[in-house]
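Trainee: See coords23.tsv below, with TSV, C-alpha atoms.
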chain	number	residue	atom	x	y	z
A	117	MET	CA	27.83	-111.37	-21.53
A	118	ALA	CA	28.00	-109.60	-24.84
A	119	GLU	CA	30.94	-109.77	-27.15
A	120	PRO	CA	32.85	-106.51	-27.78
A	121	GLN	CA	31.54	-106.38	-31.35
A	122	GLU	CA	27.97	-106.58	-30.12
A	123	ARG	CA	28.31	-103.61	-27.77
A	124	ASP	CA	28.07	-100.04	-29.04
A	125	LEU	CA	31.55	-99.21	-27.77
A	126	PRO	CA	34.14	-98.24	-30.41
A	127	SER	CA	37.09	-100.52	-30.95
A	128	LEU	CA	40.65	-99.57	-30.06
A	129	GLU	CA	41.47	-98.86	-33.72
A	130	ASP	CA	38.49	-96.52	-33.99
A	131	GLU	CA	39.62	-94.63	-30.88
A	132	ILE	CA	43.18	-94.21	-32.18
A	133	PHE	CA	41.90	-93.01	-35.55
A	134	ALA	CA	39.52	-90.56	-33.85
A	135	VAL	CA	42.29	-89.15	-31.62
A	136	ALA	CA	44.68	-88.81	-34.54
A	137	HIS	CA	41.97	-87.20	-36.61
A	138	ASN	CA	41.12	-84.72	-33.87
A	139	VAL	CA	44.76	-83.73	-33.46
A	140	GLU	CA	45.07	-82.91	-37.15
A	141	VAL	CA	41.86	-80.92	-37.19
A	142	GLU	CA	42.67	-78.77	-34.15
A	143	PRO	CA	43.71	-75.19	-34.97
A	144	ALA	CA	46.99	-75.57	-33.11
A	145	ALA	CA	47.91	-78.46	-35.37
A	146	ARG	CA	47.59	-76.19	-38.41
A	147	ALA	CA	50.28	-73.85	-37.08
A	148	HIS	CA	53.66	-74.52	-38.60
A	149	PRO	CA	56.01	-75.88	-35.95
A	150	ARG	CA	59.66	-74.89	-36.09
A	151	LEU	CA	61.66	-77.65	-37.64
A	152	PRO	CA	65.40	-77.84	-38.26
A	153	ALA	CA	64.70	-76.70	-41.82
A	154	ASP	CA	63.21	-73.49	-40.42
A	155	ARG	CA	66.49	-72.72	-38.67
A	156	ALA	CA	68.15	-72.54	-42.05
A	157	GLN	CA	65.48	-70.09	-43.18
A	158	VAL	CA	66.01	-67.95	-40.09
A	159	LEU	CA	69.77	-67.91	-40.71
A	160	ALA	CA	69.17	-67.04	-44.35
A	161	GLU	CA	66.94	-64.13	-43.34
A	162	ARG	CA	69.55	-62.87	-40.89
A	163	ALA	CA	72.24	-63.16	-43.56
A	164	ARG	CA	70.08	-61.18	-46.01
A	165	ALA	CA	69.52	-58.50	-43.38
A	166	PHE	CA	73.28	-58.34	-42.70
A	167	LEU	CA	74.12	-58.19	-46.37
A	168	GLY	CA	71.48	-55.59	-46.97
A	169	GLN	CA	72.57	-53.11	-44.31
A	170	ASP	CA	75.99	-53.84	-42.88
A	171	VAL	CA	77.73	-54.58	-46.15
A	172	ARG	CA	76.36	-51.36	-47.61
A	173	SER	CA	77.86	-49.30	-44.81
A	174	LEU	CA	81.13	-51.26	-45.10
A	175	ALA	CA	81.21	-50.52	-48.83
A	176	ALA	CA	80.38	-46.86	-48.15
A	177	GLY	CA	83.33	-46.53	-45.76
A	178	PHE	CA	85.58	-48.28	-48.27
A	179	GLY	CA	84.38	-46.01	-51.09
A	180	ILE	CA	84.69	-42.78	-49.12
A	181	PHE	CA	88.25	-43.59	-48.11
A	182	LEU	CA	89.08	-44.60	-51.68
A	183	PHE	CA	87.78	-41.24	-52.92
A	184	VAL	CA	89.66	-39.23	-50.27
A	185	ASP	CA	92.84	-41.17	-51.03
A	186	ALA	CA	92.51	-40.52	-54.76
A	187	VAL	CA	92.03	-36.79	-54.18
A	188	MET	CA	94.95	-36.52	-51.75
A	189	MET	CA	97.45	-38.62	-53.69
A	190	TRP	CA	96.66	-37.55	-57.26
A	191	ALA	CA	98.77	-34.40	-57.43
A	192	PRO	CA	101.89	-35.67	-55.61
A	193	LEU	CA	102.02	-38.87	-57.64
A	194	MET	CA	101.60	-37.04	-60.96
A	195	MET	CA	104.61	-34.76	-60.38
A	196	SER	CA	107.95	-35.71	-61.88
A	197	GLN	CA	109.79	-34.35	-58.85
A	198	ARG	CA	107.82	-35.86	-55.99
A	199	PRO	CA	107.75	-33.95	-52.76
A	200	SER	CA	107.67	-35.77	-49.47
A	201	LEU	CA	104.46	-37.79	-49.04
A	202	MET	CA	104.76	-37.78	-45.26
A	203	PRO	CA	101.86	-35.29	-44.73
A	204	GLN	CA	99.56	-37.39	-46.92
A	205	PHE	CA	100.70	-40.57	-45.20
A	206	ILE	CA	99.98	-39.19	-41.72
A	207	THR	CA	96.64	-37.69	-42.79
A	208	LEU	CA	95.44	-40.91	-44.42
A	209	LEU	CA	96.63	-42.99	-41.48
A	210	VAL	CA	94.81	-40.75	-38.99
A	211	LEU	CA	91.72	-40.72	-41.17
A	212	ALA	CA	91.57	-44.49	-41.59
A	213	PHE	CA	92.61	-45.68	-38.16
A	214	GLY	CA	91.88	-42.61	-36.06
A	215	LEU	CA	88.40	-41.80	-37.34
A	216	GLY	CA	87.70	-45.41	-38.31
A	217	GLY	CA	88.76	-46.66	-34.88
A	218	LEU	CA	86.67	-43.99	-33.18
A	219	LEU	CA	83.63	-45.08	-35.18
A	220	VAL	CA	84.26	-48.74	-34.35
A	221	TRP	CA	84.94	-48.49	-30.62
A	222	LYS	CA	83.01	-45.42	-29.46
A	223	VAL	CA	80.13	-44.74	-31.84
A	224	GLY	CA	78.96	-48.23	-32.86
A	225	GLY	CA	75.82	-49.09	-34.80
A	226	ARG	CA	76.06	-48.88	-38.58
A	227	TRP	CA	79.00	-46.51	-38.15
A	228	ARG	CA	81.00	-49.44	-36.81
A	229	THR	CA	81.02	-51.19	-40.17
A	230	PHE	CA	81.63	-47.83	-41.89
A	231	GLY	CA	84.82	-47.43	-39.83
A	232	ILE	CA	85.86	-51.00	-40.57
A	233	GLY	CA	85.38	-50.24	-44.27
A	234	MET	CA	87.71	-47.25	-44.00
A	235	MET	CA	90.40	-49.31	-42.29
A	236	LEU	CA	90.03	-52.13	-44.83
A	237	ALA	CA	90.36	-49.62	-47.67
A	238	TRP	CA	93.66	-48.32	-46.27
A	239	VAL	CA	95.01	-51.87	-45.96
A	240	PHE	CA	93.74	-52.80	-49.43
A	241	LEU	CA	95.24	-49.74	-51.11
A	242	THR	CA	98.55	-50.23	-49.31
A	243	LEU	CA	98.80	-53.85	-50.41
A	244	VAL	CA	97.61	-53.34	-53.98
A	245	SER	CA	99.82	-50.33	-54.70
A	246	VAL	CA	102.78	-51.53	-52.64
A	247	GLY	CA	102.32	-48.45	-50.46
A	248	PHE	CA	102.41	-45.79	-53.17
A	249	LEU	CA	98.74	-44.80	-52.82
A	250	THR	CA	98.95	-44.40	-49.06
A	251	GLY	CA	102.42	-42.87	-48.84
A	252	VAL	CA	104.04	-45.79	-47.02
A	253	THR	CA	106.88	-46.24	-49.53
A	254	ALA	CA	107.49	-42.56	-50.12
A	255	PRO	CA	111.03	-41.69	-51.12
A	256	LEU	CA	112.85	-39.72	-48.45
Could I get this file's structure written as structure tokens?
Mentor:
Amino acid sequence: MAEPQERDLPSLEDEIFAVAHNVEVEPAARAHPRLPADRAQVLAERARAFLGQDVRSLAAGFGIFLFVDAVMMWAPLMMSQRPSLMPQFITLLVLAFGLGGLLVWKVGGRWRTFGIGMMLAWVFLTLVSVGFLTGVTAPL
């Protein structure tokens, strides 16, 4: 009988190398498999998409409410004899939480974050100005 080296059959090492080589050369092997590092890239892309669209609408709601508040509260706060700020307080409260809440719970979409921005602006202005800019601490 002939020894394995004398036959024309490939050795086990040659077969393993050939299989490994064929796997690397196949077109499917060239495709990039999803690795745990790719999950981070997917999350980063989602975060960029969120920051690009949702934060803009949140900032727009914040800015619109800030502008409306400045227009409504400018004249009463500049007077030496301040009238009652109750109408401004009720109007701003209904605007922020009435319209903002309607946008959040009924309309949805990008308007949801716009409404959240309006509500956050009311809270921010109330805390920063100790209630003067929203009429919460109006003298009776």
Trainee: Could you make a table, as a tab-separated table, of the residues of region 157-207 of chain A that have an atom within 12 Å of an atom of region 222-233 of chain A, each with its nearest atom pair and distance in Å to one decimal, counting all atoms listed in the file, in chain and number order?
Mentor:
residue	atom	partner	partner_atom	distance
A:Phe166	CA	A:Arg226	CA	10.7
A:Leu167	CA	A:Thr229	CA	11.6
A:Gly168	CA	A:Arg226	CA	11.7
A:Gln169	CA	A:Arg226	CA	7.9
A:Asp170	CA	A:Thr229	CA	6.3
A:Val171	CA	A:Thr229	CA	7.6
A:Arg172	CA	A:Phe230	CA	8.5
A:Ser173	CA	A:Phe230	CA	5.0
A:Leu174	CA	A:Gly233	CA	4.4
A:Ala175	CA	A:Gly233	CA	6.2
A:Ala176	CA	A:Phe230	CA	6.5
A:Gly177	CA	A:Phe230	CA	4.4
A:Phe178	CA	A:Gly233	CA	4.5
A:Gly179	CA	A:Gly233	CA	8.1
A:Ile180	CA	A:Gly233	CA	8.9
A:Phe181	CA	A:Gly233	CA	8.2
A:Leu182	CA	A:Gly233	CA	10.0
Trainee: Would you compute the distance between CA of Met188 (chain A) and CA of Val220 (chain A)? Give it in Å to one decimal.
Mentor: 23.8 Å
Trainee: Have a look at CA of Phe205 (chain A) and CA of Leu219 (chain A) and let me know their distance in Å, one decimal.
Mentor: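 CA of Leu219 (chain A) lies at a distance of 20.3 Å from CA of Phe205 (chain A).
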Trainee: Tell me, as a PyMOL selection string, which residues lie within 12 Å of region 199-203 of chain A, counting only C-alpha atoms; anything in the same chain fewer than 4 positions away does not count.
Mentor: chain A and resi 188-195+207-210+247-256
Trainee: Would you please work out which residue, of A:Ala156, A:Ala212, A:Val184, A:Leu218, is nearest to Met235 (chain A) when using only C-alpha atoms?
Mentor: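 Counting only C-alpha atoms, the residue closest to Met235 (chain A) is A:Ala212.
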Trainee: CA of Ile206 (chain A) to CA of Met234 (chain A): how many Å, to one decimal?
Mentor: 14.9 Å
Trainee: With only C-alpha atoms as the basis for distance, which of A:Leu211, A:Val187, A:Ala163, A:Val158 is at the shortest distance from Ala237 (chain A)?
Mentor: A:Leu211
Trainee: Between A:Val246, A:Ala165, A:Trp221, A:Trp238, which residue has the minimum interatomic distance to Ala186 (chain A), considering only C-alpha atoms?
Mentor: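 Going through A:Val246, A:Ala165, A:Trp221, A:Trp238 one by one, the smallest distance to Ala186 (chain A) is for A:Trp238.
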Trainee: Can we get region 181-214 of chain A of that structure written down with N, CA, C and O atoms, as a compact mmCIF listing (two decimals), in the first residue's frame?
Mentor:
# COMPACT_ATOMS: atom_id res chain seq x y z
N PHE A 181 -42.82 80.20 22.63
CA PHE A 181 -43.43 80.58 23.91
C PHE A 181 -42.64 81.72 24.56
O PHE A 181 -43.25 82.62 25.16
N LEU A 182 -41.34 81.70 24.46
CA LEU A 182 -40.52 82.78 25.02
C LEU A 182 -40.88 84.11 24.37
O LEU A 182 -41.03 85.13 25.06
N PHE A 183 -41.06 84.10 23.05
CA PHE A 183 -41.44 85.33 22.34
C PHE A 183 -42.82 85.82 22.77
O PHE A 183 -43.02 87.01 23.04
N VAL A 184 -43.79 84.92 22.81
CA VAL A 184 -45.15 85.29 23.21
C VAL A 184 -45.16 85.83 24.64
O VAL A 184 -45.83 86.82 24.95
N ASP A 185 -44.41 85.20 25.51
CA ASP A 185 -44.32 85.66 26.90
C ASP A 185 -43.71 87.05 26.98
O ASP A 185 -44.20 87.90 27.73
N ALA A 186 -42.66 87.28 26.20
CA ALA A 186 -42.03 88.61 26.23
C ALA A 186 -42.99 89.68 25.74
O ALA A 186 -43.05 90.78 26.31
N VAL A 187 -43.75 89.38 24.71
CA VAL A 187 -44.71 90.36 24.18
C VAL A 187 -45.82 90.62 25.19
O VAL A 187 -46.21 91.78 25.43
N MET A 188 -46.34 89.57 25.81
CA MET A 188 -47.46 89.74 26.74
C MET A 188 -47.06 90.39 28.05
O MET A 188 -47.85 91.13 28.65
N MET A 189 -45.87 90.15 28.53
CA MET A 189 -45.49 90.62 29.86
C MET A 189 -44.68 91.92 29.83
O MET A 189 -44.42 92.49 30.88
N TRP A 190 -44.29 92.38 28.67
CA TRP A 190 -43.45 93.58 28.60
C TRP A 190 -44.16 94.80 29.18
O TRP A 190 -43.64 95.45 30.08
N ALA A 191 -45.30 95.12 28.68
CA ALA A 191 -46.00 96.34 29.11
C ALA A 191 -46.40 96.30 30.58
O ALA A 191 -46.12 97.27 31.32
N PRO A 192 -47.01 95.24 31.08
CA PRO A 192 -47.38 95.26 32.51
C PRO A 192 -46.19 95.34 33.45
O PRO A 192 -46.27 95.99 34.49
N LEU A 193 -45.09 94.73 33.09
CA LEU A 193 -43.93 94.76 33.99
C LEU A 193 -43.15 96.07 33.90
O LEU A 193 -42.36 96.37 34.78
N MET A 194 -43.35 96.86 32.85
CA MET A 194 -42.66 98.13 32.72
C MET A 194 -43.43 99.28 33.37
O MET A 194 -42.92 100.40 33.47
N MET A 195 -44.64 99.05 33.81
CA MET A 195 -45.44 100.10 34.44
C MET A 195 -45.05 100.24 35.91
O MET A 195 -44.73 99.26 36.57
N SER A 196 -45.09 101.46 36.41
CA SER A 196 -44.78 101.66 37.83
C SER A 196 -45.95 101.19 38.70
O SER A 196 -45.74 100.64 39.77
N GLN A 197 -47.15 101.44 38.27
CA GLN A 197 -48.33 100.93 38.95
C GLN A 197 -48.82 99.71 38.18
O GLN A 197 -49.49 99.83 37.16
N ARG A 198 -48.43 98.54 38.64
CA ARG A 198 -48.77 97.32 37.91
C ARG A 198 -50.22 96.96 38.10
O ARG A 198 -50.71 96.86 39.21
N PRO A 199 -50.89 96.71 36.98
CA PRO A 199 -52.25 96.18 37.09
C PRO A 199 -52.18 94.70 37.43
O PRO A 199 -51.11 94.10 37.53
N SER A 200 -53.30 94.10 37.59
CA SER A 200 -53.34 92.67 37.89
C SER A 200 -52.81 91.89 36.68
O SER A 200 -53.16 92.16 35.53
N LEU A 201 -51.94 90.91 36.96
CA LEU A 201 -51.37 90.08 35.90
C LEU A 201 -52.15 88.78 35.73
O LEU A 201 -51.68 87.88 35.04
N MET A 202 -53.32 88.71 36.34
CA MET A 202 -54.12 87.48 36.25
C MET A 202 -54.51 87.13 34.81
O MET A 202 -54.42 85.96 34.43
N PRO A 203 -54.91 88.09 33.95
CA PRO A 203 -55.23 87.72 32.57
C PRO A 203 -54.03 87.15 31.81
O PRO A 203 -54.16 86.17 31.08
N GLN A 204 -52.86 87.75 32.02
CA GLN A 204 -51.65 87.23 31.37
C GLN A 204 -51.30 85.85 31.91
O GLN A 204 -50.91 84.96 31.16
N PHE A 205 -51.44 85.69 33.22
CA PHE A 205 -51.14 84.39 33.83
C PHE A 205 -52.02 83.29 33.25
O PHE A 205 -51.54 82.24 32.84
N ILE A 206 -53.32 83.55 33.18
CA ILE A 206 -54.25 82.53 32.66
C ILE A 206 -53.99 82.27 31.19
O ILE A 206 -53.97 81.12 30.74
N THR A 207 -53.73 83.33 30.41
CA THR A 207 -53.48 83.16 28.99
C THR A 207 -52.21 82.35 28.74
O THR A 207 -52.20 81.43 27.90
N LEU A 208 -51.14 82.67 29.46
CA LEU A 208 -49.89 81.93 29.28
C LEU A 208 -50.02 80.49 29.75
O LEU A 208 -49.46 79.57 29.14
N LEU A 209 -50.74 80.27 30.82
CA LEU A 209 -50.95 78.92 31.33
C LEU A 209 -51.75 78.08 30.33
O LEU A 209 -51.40 76.93 30.04
N VAL A 210 -52.80 78.67 29.77
CA VAL A 210 -53.61 77.95 28.77
C VAL A 210 -52.80 77.72 27.49
O VAL A 210 -52.89 76.65 26.88
N LEU A 211 -52.00 78.69 27.12
CA LEU A 211 -51.18 78.53 25.93
C LEU A 211 -50.16 77.41 26.11
O LEU A 211 -50.03 76.53 25.25
N ALA A 212 -49.44 77.44 27.23
CA ALA A 212 -48.39 76.44 27.44
C ALA A 212 -48.95 75.05 27.66
O ALA A 212 -48.57 74.10 26.98
N PHE A 213 -49.87 74.93 28.60
CA PHE A 213 -50.33 73.59 28.97
C PHE A 213 -51.60 73.16 28.24
O PHE A 213 -51.82 71.97 28.05
N GLY A 214 -52.39 74.12 27.80
CA GLY A 214 -53.58 73.76 27.02
C GLY A 214 -53.20 73.38 25.60
O GLY A 214 -53.43 72.26 25.15
